[in-house]
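The next block is start.txt, given as compact mmCIF, C-alpha atoms.
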```txt
# COMPACT_ATOMS: atom_id res chain seq x y z
CA MET M 146 0.00 0.00 0.00
CA VAL M 147 1.38 3.42 -0.94
CA GLN M 148 1.42 5.93 1.91
CA ASN M 149 -0.35 9.23 1.35
CA PRO M 150 2.42 11.87 1.14
CA GLN M 151 0.09 14.31 2.95
CA THR M 152 -0.14 12.00 5.98
CA PRO M 153 2.58 12.61 8.59
CA PRO M 154 4.67 9.55 9.51
CA ILE M 155 3.73 7.80 12.76
CA LEU M 156 6.90 7.91 14.85
CA PHE M 157 5.50 7.52 18.38
CA ASP M 158 3.18 5.01 20.00
CA ARG M 159 1.21 7.59 21.98
CA ALA M 160 -1.04 4.98 23.62
CA LEU M 161 2.12 3.38 25.02
CA LEU M 162 3.32 6.85 26.07
CA HIS M 163 0.11 7.29 28.08
CA ALA M 164 0.59 3.92 29.78
CA ARG M 165 4.20 4.69 30.65
CA GLN M 166 3.34 8.11 32.03
CA ARG M 167 0.69 6.51 34.25
CA ARG M 168 3.20 3.91 35.42
CA ALA M 169 5.79 6.62 36.17
CA GLN M 170 3.19 8.53 38.19
CA ALA M 171 2.45 5.42 40.23
CA LEU M 172 6.14 4.72 40.87
CA GLY M 173 6.87 8.33 41.82
CA LEU M 174 7.51 10.76 38.99
CA VAL M 175 11.06 12.05 38.52
CA SER M 176 10.21 15.70 38.01
CA PHE M 177 13.40 17.80 38.10
CA LEU M 178 13.02 18.85 34.44
CA LEU M 179 9.32 19.60 34.88
CA ASP M 180 10.09 21.58 38.05
CA ARG M 181 12.65 23.65 36.15
CA VAL M 182 10.17 24.35 33.34
CA ASN M 183 7.50 25.34 35.86
CA GLU M 184 9.83 27.89 37.45
CA ASP M 185 10.89 29.29 34.08
CA MET M 186 7.28 29.35 32.88
CA ALA M 187 6.31 31.49 35.87
CA ASP M 188 9.11 33.97 35.07
CA ARG M 189 8.19 34.15 31.39
CA LEU M 190 4.52 34.72 32.12
CA ALA M 191 5.39 37.41 34.66
CA ALA M 192 7.23 39.27 31.88
CA VAL M 193 4.08 39.35 29.71
CA MET M 194 2.23 42.56 30.54
CA ARG M 195 -1.32 41.43 29.91
CA GLU M 196 -4.13 39.51 31.56
CA PHE M 197 -5.15 36.00 30.53
CA HIS M 198 -8.73 35.00 31.28
CA ALA M 199 -9.09 31.71 29.35
CA ALA M 200 -6.07 29.38 29.47
CA ALA M 201 -5.29 25.73 28.81
CA ASP M 202 -2.49 23.38 29.84
CA LEU M 203 -1.87 20.97 26.96
CA TRP M 204 -0.62 17.43 27.72
CA THR M 205 1.85 18.42 30.46
CA PRO M 206 2.67 15.18 32.36
CA GLY M 207 2.42 14.71 36.11
CA GLU M 208 0.53 17.35 38.04
CA GLY M 209 0.63 19.78 35.13
CA LEU M 210 1.82 23.37 35.01
CA THR M 211 1.54 24.72 38.53
CA ALA M 212 2.88 28.04 37.21
CA LEU M 213 -0.41 28.55 35.37
CA CYS M 214 -2.58 27.64 38.34
CA ALA M 215 -0.67 30.08 40.54
CA ARG M 216 -1.40 32.98 38.20
CA LEU M 217 -4.83 32.18 36.80
CA PRO M 218 -8.07 31.39 38.65
CA SER M 219 -9.08 28.73 36.15
CA VAL M 220 -7.04 26.58 33.75
CA GLN M 221 -8.45 23.96 31.40
CA ARG M 222 -6.18 20.95 31.64
CA VAL M 223 -5.98 18.62 28.63
CA GLU M 224 -4.36 15.33 29.62
CA LEU M 225 -3.05 12.73 27.22
CA ASP M 226 -5.75 10.10 26.90
CA ALA M 227 -5.34 6.34 26.55
CA THR M 228 -5.50 6.51 22.74
CA GLY M 229 -2.91 9.27 22.46
CA ALA M 230 -5.19 11.22 20.10
CA GLU M 231 -3.78 14.47 18.72
CA LYS M 232 -7.11 16.19 17.97
CA LEU M 233 -7.52 19.11 20.39
CA PRO M 234 -10.85 19.80 22.16
CA PHE M 235 -10.76 23.58 21.65
CA ALA M 236 -13.28 25.67 19.72
CA ALA M 237 -11.92 28.36 17.42
CA GLU M 238 -10.77 31.63 19.02
CA THR M 239 -11.74 30.72 22.59
CA LEU M 240 -8.44 30.89 24.51
CA ASP M 241 -6.07 33.68 25.51
CA LEU M 242 -3.21 31.33 26.41
CA ILE M 243 -2.19 27.76 25.64
CA ALA M 244 0.83 26.44 27.54
CA SER M 245 2.54 23.06 27.44
CA ALA M 246 5.56 21.48 29.14
CA LEU M 247 7.61 18.47 28.01
CA ALA M 248 4.88 17.05 25.79
CA LEU M 249 5.19 18.30 22.22
CA GLN M 250 8.36 16.26 21.52
CA PHE M 251 6.16 13.13 21.41
CA VAL M 252 3.66 14.48 18.85
CA ASN M 253 3.48 12.72 15.49
CA ASP M 254 1.94 15.64 13.60
CA LEU M 255 3.51 18.70 15.20
CA PRO M 256 2.60 21.04 12.29
CA GLY M 257 -1.03 19.90 12.61
CA VAL M 258 -1.11 20.38 16.38
CA LEU M 259 0.43 23.86 16.10
CA ALA M 260 -2.19 24.77 13.50
CA GLN M 261 -4.95 23.58 15.86
CA ILE M 262 -3.47 25.67 18.68
CA ARG M 263 -3.30 28.70 16.41
CA ARG M 264 -7.00 28.31 15.51
CA ALA M 265 -7.98 27.94 19.16
CA LEU M 266 -6.32 31.20 20.23
CA LYS M 267 -8.16 34.49 20.20
CA PRO M 268 -6.49 37.31 18.26
CA ASP M 269 -3.41 38.33 20.28
CA GLY M 270 -3.55 35.02 22.19
CA LEU M 271 -0.27 33.40 23.24
CA LEU M 272 1.28 29.96 22.83
CA LEU M 273 4.08 29.31 25.34
CA ALA M 274 5.63 25.86 25.52
CA ALA M 275 8.78 23.95 26.38
CA MET M 276 9.72 20.66 24.75
CA ILE M 277 12.71 18.34 24.68
CA GLY M 278 14.77 19.03 21.56
CA GLY M 279 18.19 19.73 20.09
CA ASP M 280 20.99 17.44 21.28
CA SER M 281 19.05 15.88 24.15
CA LEU M 282 20.32 12.43 25.18
CA ASN M 283 22.86 12.46 22.39
CA GLU M 284 25.31 10.64 24.67
CA LEU M 285 22.87 7.76 25.23
CA ARG M 286 22.08 7.62 21.51
CA GLN M 287 25.77 7.33 20.60
CA ALA M 288 26.53 4.74 23.27
CA PHE M 289 23.63 2.48 22.28
CA ALA M 290 24.44 2.75 18.57
CA ALA M 291 28.08 1.81 19.12
CA ALA M 292 27.21 -1.08 21.45
CA GLU M 293 24.58 -2.56 19.13
CA ALA M 294 26.82 -2.27 16.08
CA GLU M 295 29.58 -4.07 17.96
CA CYS M 296 27.53 -6.74 19.76
CA GLU M 297 24.62 -7.35 17.38
CA GLY M 298 25.82 -6.22 13.97
CA GLY M 299 23.08 -3.59 13.58
CA VAL M 300 21.43 -0.58 15.15
CA SER M 301 17.82 -0.16 16.32
CA PRO M 302 15.94 3.06 17.20
CA ARG M 303 16.60 3.80 20.87
CA VAL M 304 16.34 7.57 21.36
CA ALA M 305 13.67 9.69 19.69
CA PRO M 306 14.68 12.19 17.01
CA PHE M 307 14.42 15.72 18.40
CA ALA M 308 13.66 18.93 16.51
CA ASP M 309 16.11 21.85 16.65
CA LEU M 310 15.47 25.56 17.10
CA ARG M 311 15.32 26.39 13.39
CA ASP M 312 12.87 23.58 12.65
CA ILE M 313 10.53 24.66 15.45
CA GLY M 314 10.73 28.33 14.48
CA ALA M 315 9.84 27.45 10.89
CA LEU M 316 6.87 25.37 12.08
CA LEU M 317 5.55 28.29 14.15
CA GLN M 318 5.67 30.52 11.07
CA ARG M 319 4.06 27.84 8.92
CA ALA M 320 1.19 27.56 11.44
CA GLY M 321 0.53 31.29 11.13
CA PHE M 322 1.93 32.57 14.43
CA ALA M 323 3.09 36.17 14.65
CA LEU M 324 6.31 37.19 16.45
CA PRO M 325 7.60 33.60 16.82
CA VAL M 326 10.49 33.14 19.26
CA THR M 327 12.53 30.07 20.16
CA ASP M 328 15.41 29.60 22.59
CA VAL M 329 17.07 26.72 24.39
CA ASP M 330 17.91 25.99 28.02
CA ARG M 331 20.61 23.30 28.19
CA VAL M 332 20.58 21.15 31.32
CA VAL M 333 23.47 18.75 31.94
CA VAL M 334 22.73 16.14 34.60
CA ARG M 335 25.34 13.80 36.07
CA TYR M 336 24.70 10.17 37.00
CA ALA M 337 26.65 7.36 38.59
CA ASN M 338 26.20 5.27 35.43
CA ALA M 339 24.01 4.81 32.35
CA PHE M 340 21.59 2.53 34.19
CA ALA M 341 20.78 5.29 36.70
CA LEU M 342 19.97 7.59 33.76
CA MET M 343 17.72 4.96 32.18
CA GLN M 344 15.90 4.48 35.49
CA ASP M 345 15.20 8.23 35.63
CA LEU M 346 13.88 8.18 32.05
CA ARG M 347 11.46 5.38 32.98
CA ARG M 348 10.26 7.36 36.00
CA MET M 349 9.77 10.43 33.80
CA GLY M 350 7.50 8.33 31.58
CA ALA M 351 10.00 9.02 28.79
CA ALA M 352 11.32 5.57 27.94
CA ASN M 353 11.41 4.49 24.29
CA VAL M 354 7.96 4.78 22.63
CA LEU M 355 9.14 4.80 19.02
CA VAL M 356 6.91 2.71 16.77
CA GLU M 357 10.00 1.15 15.15
CA ARG M 358 11.59 0.23 18.51
CA ARG M 359 12.99 -3.25 19.08
CA ARG M 360 10.25 -5.44 20.58
CA THR M 361 12.54 -8.05 22.16
CA PRO M 362 14.51 -7.54 25.40
CA THR M 363 17.96 -6.06 24.94
CA ARG M 364 20.78 -8.54 25.45
CA ARG M 365 22.68 -8.25 28.71
CA ARG M 366 25.98 -8.10 26.83
CA THR M 367 24.73 -5.15 24.74
CA LEU M 368 23.55 -3.26 27.81
CA LEU M 369 26.83 -3.76 29.66
CA ARG M 370 28.81 -2.69 26.59
CA MET M 371 26.59 0.38 26.16
CA ALA M 372 27.28 1.42 29.76
CA GLU M 373 31.01 0.86 29.24
CA ILE M 374 31.08 2.97 26.05
CA TYR M 375 29.02 5.69 27.71
CA ALA M 376 31.45 5.88 30.64
CA GLY M 377 34.45 5.85 28.31
CA ARG M 378 33.19 8.74 26.17
CA PHE M 379 31.12 10.92 28.49
CA ALA M 380 32.45 10.57 32.04
CA ASP M 381 33.97 13.36 34.13
CA PRO M 382 37.25 12.81 36.01
CA ASP M 383 35.31 11.63 39.06
CA GLY M 384 33.73 8.82 37.02
CA ARG M 385 30.19 10.22 36.86
CA ILE M 386 28.62 10.41 33.40
CA ARG M 387 26.92 13.40 31.77
CA ALA M 388 23.45 13.46 30.17
CA THR M 389 22.30 16.45 28.12
CA PHE M 390 18.71 17.71 28.07
CA ASP M 391 17.93 20.65 25.76
CA LEU M 392 14.70 22.36 26.83
CA VAL M 393 13.52 24.18 23.71
CA TRP M 394 11.16 27.08 24.45
CA LEU M 395 8.74 28.28 21.80
CA SER M 396 6.28 31.12 21.79
CA GLY M 397 4.06 32.78 19.23
CA TRP M 398 1.02 35.03 19.09
CA ALA M 399 -2.20 34.77 17.15
CA PRO M 400 -2.06 37.74 14.75
CA HIS M 401 -3.71 41.00 15.81
CA ALA M 402 -3.66 44.51 14.36
CA SER M 403 -2.09 45.95 17.51
CA GLN M 404 1.08 43.87 17.15
CA GLN M 405 4.35 45.24 15.84
CA GLN M 406 4.56 44.82 12.07
CA PRO M 407 7.63 44.50 9.84
CA LEU M 408 8.36 47.47 7.57
CA LYS M 409 7.32 47.18 3.94
CA PRO M 410 10.18 46.63 1.47
CA GLY M 411 11.54 49.97 0.24
CA SER M 412 10.03 51.98 3.08
CA ALA M 413 13.33 52.66 4.87
CA LYS M 414 14.20 56.35 5.19
CA ALA M 415 17.94 55.83 5.56
CA SER M 416 20.33 54.16 3.12
CA LEU M 417 22.55 51.39 4.43
CA ALA M 418 25.18 52.29 1.83
CA GLU M 419 25.25 55.91 3.02
CA ALA M 420 25.56 54.78 6.62
CA VAL M 421 28.55 52.57 5.74
CA LYS M 422 30.22 55.47 3.89
CA LYS M 423 29.74 57.81 6.85
CA ALA M 424 31.13 55.21 9.24
CA GLY M 425 34.19 54.82 7.05
CA LYS M 426 34.88 58.58 7.06
CA SER M 427 34.53 58.97 10.82
```
Kindly return the structure encoded in the file as structure tokens.
Amino acid sequence: MVQNPQTPPILFDRALLHARQRRAQALGLVSFLLDRVNEDMADRLAAVMREFHAAADLWTPGEGLTALCARLPSVQRVELDATGAEKLPFAAETLDLIASALALQFVNDLPGVLAQIRRALKPDGLLLAAMIGGDSLNELRQAFAAAEAECEGGVSPRVAPFADLRDIGALLQRAGFALPVTDVDRVVVRYANAFALMQDLRRMGAANVLVERRRTPTRRRTLLRMAEIYAGRFADPDGRIRATFDLVWLSGWAPHASQQQPLKPGSAKASLAEAVKKAGKS
């Protein structure tokens, strides 16, 4: 069967993601990344000089975005359901603010979800979100790839592909957001070994949910070799390993006439060439 080129590829098993997030919650969620995002979210919202009356928290795991609840009297929380559906329950132009933390990296159709968010926002409404991106877990990706190539003669998908700043910025523009902004907060966490890192990922609900993941248990020899390679390449002098998490922040506004607009081509009143000449003479 030929795949429809207009249909986005299915990378993530979102029903499995839901199950693993529920399991992590039951075990005791490891929340240091979510706590950091909550603190930063509060600071970013405090810098926005306007009132939000209708807000939603989209798919944030755990207890959600406490930063929103602290500022707003009422927040509509949209939790990931058991099917992992990506259709949003918002009517058009009904929300002033949609926020999300550590969820959008597991979306199969991110352009489609951003377009739905854009439609749900009132004019001059704000999207503010943080997602895992960039070079996150690159150390674990490299160590697993090297170990599998050496021990099993092939490589299987272990760590999800993450979008970078330019990709996300382009998607915001494509979805019709005005004044799109992206930036990254790099967090480097140190662990005793690779197995401690993997335990944290399980208790974040962020273990491998790739559709193309290996369905059989990983061989003990491969796991031990992965940990050895990880320690050999990414350990500090004290023996503890490093794990990188890039928290990519994205924001954009639903267009409104009051927003700052770019100048029309040819409307500049000063010549760049003249400015360069004057600078050269001074």
Which residues are close to stretch 397-400 of chain M, i.e. within 9 Å by only C-alpha atoms, leaving aside same-chain residues fewer than 4 positions away? Reply as a count of residues only.
20
Atom CA of M:Arg331 to atom CA of M:Arg378, distance in Å rounded to a single decimal:
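One can read the atom CA of M:Arg331 to atom CA of M:Arg378 distance as 19.3 Å.
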Between M:Leu210, M:Pro218, M:Val182, M:Gln261, single out the one closest to M:Phe235, counting only C-alpha atoms.
M:Gln261
What is the distance between atom CA of M:Phe157 and atom CA of M:Asp309, in Å to one decimal?
17.9 Å
For M:Ala164, please output as number ranges by chain all residues within 10 Å (counting only C-alpha atoms; exclusion window: fewer than 4 positions along the same chain).
M: 159-160, 168-170, 225-229, 350
Ranking M:Val393, M:Leu190, M:Ala260, M:Ala290 by minimum distance to M:Leu242 and counting only C-alpha atoms, which one comes first?
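Closest residue, counting only C-alpha atoms: M:Leu190.
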Which is closest to M:Ser281 among M:Leu369, M:Leu174, M:Val333, M:Ala200, if we use all atoms listed in the file?
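Of the candidates, the smallest distance to M:Ser281 is held by M:Val333.
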Let me make sure I understand: among M:Ala351, M:Ala230, M:Val334, M:Ala248, which one has the smallest atom-to-atom distance to M:Gly209 if we use all atoms listed in the file?
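Nearest to M:Gly209: M:Ala248.
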Using all atoms listed in the file: which of M:Leu310, M:Leu178, M:Ala402, M:Ile374 has the shortest distance to M:Glu293
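Looking at the shortest contact to M:Glu293, the residue is M:Ile374.
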